[in-house]
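Asks: Can you read through this structure? Questions will come right after.
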Amino acid sequence: MIEIKNLTKQYGVIKALDDVSFSVKKGEILGFLGPNGAGKSTTMNILTGYISPTSGHAIIDGYDIIENPKEAKKKIGYLPELPPLYLDMTIKEYLNFICDLKGVEQKKRKAQLDDIMYLVKIGDLRGRVIRNLSKGYKQRVGLAQALVGNPEVLILDEPTVGLDPKQIIEIRKLIGALRHEHTIILSTHILSEVNAVCSNVVIINKGKIAASGSVSDFTSAEGTVNKFMISIVGAKPAIQKVLENCPGVRNVSFVRIDKDACIFLVESTRNLDVRRPLFNELSRASLPILELRPVGRTLEEIFIDVVNKDAVVEQ
């Protein structure tokens with residue numbers, strides 16, 4: 001559905017993008033991550049036709065954004081970090097204006113706008129002036145304009161920035177529901193958001209792709225330290241001693257006491273499954289296990305590792 005091929009953007013001697021390539025399949029939600037200045041906005045601006053690349057191609061459903069801009073742009077709905085709203089218009093007036101810009105037929109307009117406003121939950125506010133809306137509802141109106149014309153591709157830049165926790169959860173649920181009809185690129189600094197809604201991740205740093213893959217591949221990468229959260233009934237000192245002396249255990253961290261159980265984070269040596277030794281040693285000590293569950297690496301840890309690795313290579 002989306003293909004980025006050898007994309008380069010140069011400003012004088014500075015390369016904002018350096019031979020970037022990745023693809024997004026139909027129905028996927030791709031988390032597009034990177035530190036400030038990494039090249040995310042440049043990539044999205046090229047994808048949406050706002051700027052041209054120095055070289056390379058951005059292809060939307062078979063249409064090159066440079067060679068066939070009109071056809072490619074019909075496929076795209078874009079929500080920038082600051083939604084392009086006209087504050088003195090009502091929601092209905094604004095969305096009708098967007099329909100004019102996108103060439104939506106008059107006979108299809110009412111039904112389409114009703115569906116969109118129902119989907120993003122702004123139907124009851126259609127007569128309200130946008131200036132008087134809360135930030136959360138302004139963000140919903142911005143998402144509604146991206147959906148006008150029923151584009152197959154949605155490009156969302158920081159869609160939950162500045163929202164309160166309740167609004168963030170609502171927007172995340174909405175983005176998750178949109179995957180059934182749309183292919184989505186989600187750019188965000190909130191990595192828990194990627195875990196919640198994305199199937200795949202691309203990390204860009206200093207204009208180059210630093211890492212890419214599925215979210216599950218990232219968080220369960222081979223060769224990482226195995227971590228387990230374990231809940232055990234008994235006295236903390238006795239439990240800690242058994243855990244620390246268990247074969248294959250590399251590190252033990254006390255987390256908290258939950259009712260009559262002590263909870264520890266246990267790290268084993270690389271690629272070693274210590275669940276059976278843990279069970280055997282704790283059983284011998286008459287310390288019952290209430291829960292034992294693996295803990296994967298977080299995207300935050302992986303993101304920092306990737307960015308720091310690039311910094312070390314550069315030095």
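By order of appearance in the structure tokens: chains A, B, ..., then residues from 1 within every chain, and ligands from 1 in the order shown.
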Quick one: residues within 12 Å of stretch 287-296 of chain A, only C-alpha atoms counted, chain neighbours fewer than 6 positions away excluded, as a PyMOL selection string?

Replies: chain A and resi 195+215-243+258-268+273-276+278-281+302

Asks: Per DSSP on the backbone, what are the strand (DSSP E) residues of stretch 46-261 of chain A, as a VMD selection string?

Replies: chain A and resid 55 to 60 63 to 64 76 to 79 153 to 157 183 to 187 200 to 205 208 to 214 227 to 233 249 to 258 261

Asks: Would you mind exporting the chosen residues as a compact mmCIF listing (two decimals), in the first residue's frame, restricted to N, CA and C atoms?

Replies:
```
# COMPACT_ATOMS: atom_id res chain seq x y z
N SER A 55 15.92 12.84 -4.04
CA SER A 55 15.91 11.63 -4.87
C SER A 55 15.09 10.57 -4.16
N GLY A 56 14.74 9.52 -4.90
CA GLY A 56 13.94 8.44 -4.34
C GLY A 56 12.46 8.59 -4.66
N HIS A 57 11.67 7.66 -4.15
CA HIS A 57 10.25 7.61 -4.49
C HIS A 57 9.39 7.34 -3.25
N ALA A 58 8.22 7.97 -3.22
CA ALA A 58 7.18 7.68 -2.23
C ALA A 58 5.93 7.28 -3.01
N ILE A 59 5.51 6.04 -2.84
CA ILE A 59 4.43 5.48 -3.67
C ILE A 59 3.25 5.10 -2.78
N ILE A 60 2.08 5.62 -3.12
CA ILE A 60 0.84 5.34 -2.39
C ILE A 60 -0.09 4.54 -3.28
N TYR A 63 0.73 4.78 -6.88
CA TYR A 63 0.90 6.12 -7.47
C TYR A 63 2.08 6.84 -6.80
N ASP A 64 3.03 7.27 -7.62
CA ASP A 64 4.17 8.03 -7.12
C ASP A 64 3.72 9.45 -6.78
N ILE A 76 -4.80 9.76 0.44
CA ILE A 76 -4.20 10.13 1.73
C ILE A 76 -5.11 11.03 2.55
N GLY A 77 -5.21 10.72 3.83
CA GLY A 77 -5.78 11.64 4.82
C GLY A 77 -4.69 11.98 5.81
N TYR A 78 -4.50 13.26 6.10
CA TYR A 78 -3.34 13.68 6.91
C TYR A 78 -3.80 14.51 8.10
N LEU A 79 -3.36 14.10 9.28
CA LEU A 79 -3.58 14.88 10.49
C LEU A 79 -2.22 15.33 11.01
N VAL A 153 -5.30 5.62 3.04
CA VAL A 153 -4.12 5.81 3.89
C VAL A 153 -4.34 6.99 4.83
N LEU A 154 -4.02 6.79 6.11
CA LEU A 154 -4.05 7.87 7.09
C LEU A 154 -2.65 8.08 7.63
N ILE A 155 -2.21 9.34 7.65
CA ILE A 155 -0.91 9.69 8.22
C ILE A 155 -1.19 10.61 9.41
N LEU A 156 -0.88 10.12 10.60
CA LEU A 156 -1.23 10.81 11.83
C LEU A 156 0.04 11.22 12.56
N ASP A 157 0.22 12.51 12.75
CA ASP A 157 1.42 13.04 13.40
C ASP A 157 1.06 13.50 14.82
N THR A 183 -5.04 2.00 6.04
CA THR A 183 -3.64 1.74 6.36
C THR A 183 -3.11 3.00 7.03
N ILE A 184 -2.40 2.85 8.16
CA ILE A 184 -2.09 4.01 9.00
C ILE A 184 -0.60 4.10 9.31
N ILE A 185 -0.05 5.30 9.17
CA ILE A 185 1.28 5.62 9.71
C ILE A 185 1.06 6.54 10.90
N LEU A 186 1.54 6.11 12.06
CA LEU A 186 1.36 6.86 13.29
C LEU A 186 2.72 7.32 13.80
N SER A 187 2.95 8.63 13.77
CA SER A 187 4.18 9.18 14.31
C SER A 187 3.91 9.70 15.71
N ASN A 200 3.56 -2.83 13.56
CA ASN A 200 4.96 -2.76 13.15
C ASN A 200 5.57 -1.42 13.53
N VAL A 201 6.90 -1.39 13.56
CA VAL A 201 7.63 -0.21 14.00
C VAL A 201 8.79 0.07 13.05
N VAL A 202 8.98 1.36 12.73
CA VAL A 202 10.19 1.82 12.06
C VAL A 202 10.80 2.91 12.94
N ILE A 203 12.07 2.76 13.29
CA ILE A 203 12.77 3.78 14.07
C ILE A 203 13.77 4.48 13.15
N ILE A 204 13.63 5.80 13.04
CA ILE A 204 14.53 6.60 12.21
C ILE A 204 15.39 7.48 13.13
N ASN A 205 16.65 7.61 12.75
CA ASN A 205 17.57 8.42 13.55
C ASN A 205 18.61 9.04 12.63
N LYS A 208 18.33 8.26 8.87
CA LYS A 208 18.47 6.88 8.38
C LYS A 208 17.58 5.94 9.20
N ILE A 209 17.19 4.83 8.57
CA ILE A 209 16.44 3.81 9.31
C ILE A 209 17.40 3.11 10.26
N ALA A 210 17.10 3.21 11.55
CA ALA A 210 17.97 2.59 12.56
C ALA A 210 17.51 1.18 12.91
N ALA A 211 16.20 0.93 12.82
CA ALA A 211 15.67 -0.40 13.13
C ALA A 211 14.24 -0.48 12.61
N SER A 212 13.79 -1.70 12.31
CA SER A 212 12.41 -1.90 11.88
C SER A 212 12.00 -3.34 12.15
N GLY A 213 10.70 -3.56 12.27
CA GLY A 213 10.19 -4.90 12.51
C GLY A 213 8.85 -4.85 13.19
N SER A 214 8.30 -6.02 13.53
CA SER A 214 7.02 -6.06 14.24
C SER A 214 7.23 -5.70 15.70
N LYS A 227 13.50 -11.90 31.61
CA LYS A 227 13.00 -11.31 32.85
C LYS A 227 11.69 -11.96 33.24
N PHE A 228 11.53 -12.18 34.53
CA PHE A 228 10.30 -12.77 35.03
C PHE A 228 9.83 -11.99 36.25
N MET A 229 8.52 -11.77 36.32
CA MET A 229 7.91 -11.22 37.52
C MET A 229 7.35 -12.40 38.30
N ILE A 230 7.77 -12.52 39.58
CA ILE A 230 7.38 -13.69 40.36
C ILE A 230 6.80 -13.25 41.69
N SER A 231 5.65 -13.85 42.05
CA SER A 231 4.96 -13.55 43.30
C SER A 231 5.02 -14.79 44.19
N ILE A 232 5.58 -14.62 45.41
CA ILE A 232 5.87 -15.76 46.28
C ILE A 232 5.38 -15.47 47.70
N VAL A 233 4.77 -16.47 48.33
CA VAL A 233 4.31 -16.33 49.71
C VAL A 233 5.47 -16.68 50.65
N VAL A 249 20.25 -17.55 37.66
CA VAL A 249 19.69 -16.23 37.98
C VAL A 249 20.83 -15.21 38.03
N ARG A 250 20.64 -14.13 37.30
CA ARG A 250 21.67 -13.09 37.19
C ARG A 250 21.43 -11.92 38.13
N ASN A 251 20.16 -11.57 38.33
CA ASN A 251 19.86 -10.41 39.16
C ASN A 251 18.46 -10.56 39.76
N VAL A 252 18.31 -10.11 41.01
CA VAL A 252 17.03 -10.17 41.69
C VAL A 252 16.71 -8.78 42.24
N SER A 253 15.50 -8.27 41.93
CA SER A 253 15.09 -6.95 42.42
C SER A 253 13.74 -7.08 43.13
N PHE A 254 13.68 -6.60 44.36
CA PHE A 254 12.42 -6.59 45.09
C PHE A 254 11.52 -5.50 44.52
N VAL A 255 10.25 -5.82 44.26
CA VAL A 255 9.31 -4.87 43.67
C VAL A 255 8.37 -4.30 44.74
N ARG A 256 7.63 -5.19 45.41
CA ARG A 256 6.68 -4.72 46.43
C ARG A 256 6.10 -5.93 47.17
N ILE A 257 5.40 -5.64 48.27
CA ILE A 257 4.63 -6.67 48.98
C ILE A 257 3.17 -6.48 48.63
N ASP A 258 2.53 -7.56 48.19
CA ASP A 258 1.12 -7.52 47.81
C ASP A 258 0.37 -8.50 48.70
N ALA A 261 2.09 -11.81 49.87
CA ALA A 261 3.08 -12.27 48.90
C ALA A 261 4.11 -11.18 48.62
```

Asks: Env of A:Glu158: 12 Å cut, atoms = only C-alpha atoms, seq-sep filter 6 positions within chain, self excluded. Answer as a VMD selection string.

Replies: chain A and resid 31 to 33 40 to 41 44 78 to 83 139 142 to 143 168 171 to 172 185 to 191 193 to 194

Asks: Would you kindly return, as a ChimeraX atom specification, each protein, DNA or RNA residue with an atom no farther than 12 Å from any atom of A:Val141, considering only C-alpha atoms and excluding same-chain residues fewer than 3 positions away?

Replies: /A:79,82-87,89-95,98,113,116-123,125-126,128-131,133-138,144-148,159,171

Asks: Just to confirm, what's the straight-line distance from atom CA of A:Glu181 to atom CA of A:Asn150 in Å (one decimal)?

Replies: 8.8 Å

Asks: I need the residues in stretch 211-281 of chain A that are alpha helix (DSSP H) according to DSSP; give them as a compact mmCIF listing (two decimals) with N, CA and C atoms, in the first residue's frame.

Replies:
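Written out: result15.txt:
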```
# COMPACT_ATOMS: atom_id res chain seq x y z
N VAL A 215 6.18 -5.22 16.34
CA VAL A 215 6.27 -4.86 17.76
C VAL A 215 6.65 -6.08 18.58
N SER A 216 6.06 -7.24 18.26
CA SER A 216 6.37 -8.46 19.02
C SER A 216 7.81 -8.88 18.83
N ASP A 217 8.35 -8.73 17.62
CA ASP A 217 9.76 -9.07 17.38
C ASP A 217 10.68 -8.18 18.20
N PHE A 218 10.35 -6.90 18.27
CA PHE A 218 11.17 -5.96 19.03
C PHE A 218 11.19 -6.33 20.51
N THR A 219 10.03 -6.59 21.06
CA THR A 219 9.95 -6.77 22.51
C THR A 219 10.32 -8.17 22.97
N LYS A 236 10.37 -11.96 53.06
CA LYS A 236 11.22 -11.37 52.02
C LYS A 236 12.67 -11.84 52.08
N PRO A 237 13.35 -11.82 53.23
CA PRO A 237 14.76 -12.23 53.25
C PRO A 237 14.98 -13.68 52.80
N ALA A 238 14.08 -14.58 53.23
CA ALA A 238 14.22 -15.99 52.86
C ALA A 238 14.01 -16.18 51.36
N ILE A 239 13.00 -15.49 50.82
CA ILE A 239 12.73 -15.60 49.38
C ILE A 239 13.91 -15.05 48.57
N GLN A 240 14.40 -13.90 48.97
CA GLN A 240 15.48 -13.26 48.21
C GLN A 240 16.73 -14.14 48.20
N LYS A 241 17.02 -14.78 49.33
CA LYS A 241 18.19 -15.65 49.41
C LYS A 241 18.07 -16.83 48.44
N VAL A 242 16.88 -17.45 48.40
CA VAL A 242 16.68 -18.58 47.49
C VAL A 242 16.80 -18.14 46.04
N LEU A 243 16.18 -17.01 45.71
CA LEU A 243 16.22 -16.53 44.33
C LEU A 243 17.64 -16.22 43.90
N GLU A 244 18.40 -15.56 44.74
CA GLU A 244 19.77 -15.15 44.38
C GLU A 244 20.69 -16.35 44.22
N ASN A 245 20.39 -17.46 44.92
CA ASN A 245 21.24 -18.65 44.84
C ASN A 245 20.77 -19.65 43.80
N ARG A 275 12.78 -21.07 34.74
CA ARG A 275 11.51 -21.30 35.42
C ARG A 275 11.49 -22.61 36.21
N ARG A 276 12.01 -23.69 35.64
CA ARG A 276 12.03 -24.97 36.38
C ARG A 276 12.96 -24.92 37.59
N PRO A 277 14.21 -24.42 37.42
CA PRO A 277 15.05 -24.29 38.62
C PRO A 277 14.43 -23.42 39.71
N LEU A 278 13.76 -22.33 39.31
CA LEU A 278 13.10 -21.48 40.29
C LEU A 278 12.02 -22.26 41.04
N PHE A 279 11.21 -23.01 40.31
CA PHE A 279 10.15 -23.79 40.92
C PHE A 279 10.73 -24.81 41.89
N ASN A 280 11.77 -25.52 41.45
CA ASN A 280 12.36 -26.58 42.29
C ASN A 280 12.96 -26.00 43.57
N GLU A 281 13.72 -24.91 43.44
CA GLU A 281 14.39 -24.33 44.61
C GLU A 281 13.37 -23.76 45.60
```

Asks: Restricting the calculation to only C-alpha atoms: of A:Asp114, A:Asp18, A:Glu28, A:Glu71, which residue gets closest to A:Asn96?

Replies: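 Under the stated criterion, the closest residue is A:Asp114.
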
Asks: So how far away is atom CA of A:Ala38 from atom CA of A:Ile51, in Å?

Replies: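 Separating atom CA of A:Ile51 from atom CA of A:Ala38 is a distance of 16.7 Å.
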
Asks: Could you pull the residues within 7 Å of A:Asp19, counting only C-alpha atoms, minus those fewer than 6 positions along the same chain, as a ChimeraX atom specification?

Replies: /A:6-8,208

Asks: So that I have them on file, write out the residues from the current selection with C-alpha atoms, as a PDB file, in the first residue's frame.

Replies:
```pdb
ATOM      1  CA  ASN A   6      15.675   5.204  -1.335  1.00  0.00           C
ATOM      2  CA  LEU A   7      14.218   8.499  -0.153  1.00  0.00           C
ATOM      3  CA  THR A   8      16.784  11.299   0.241  1.00  0.00           C
ATOM      4  CA  LYS A 208      18.465   6.882   8.379  1.00  0.00           C
TER       5      LYS A 208
END
```

Asks: Can you work out which one of A:Ala285, A:Leu30, A:Ala111, A:Ala72 has the shortest atom-to-atom distance to A:Gly176, counting only C-alpha atoms?

Replies: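 Of all the options, A:Leu30 lies closest to A:Gly176.
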
Asks: So, with only C-alpha atoms as the atoms that count, which of A:Gly149, A:Lys74, A:His182, A:Ala196 lies closest to A:Asp100?

Replies: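 Selected residue with least distance to A:Asp100: A:Gly149.
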
Asks: What does the structure give for the distance between atom CA of A:Pro151 and atom CA of A:Lys73, in Å to one decimal?

Replies: 8.8 Å
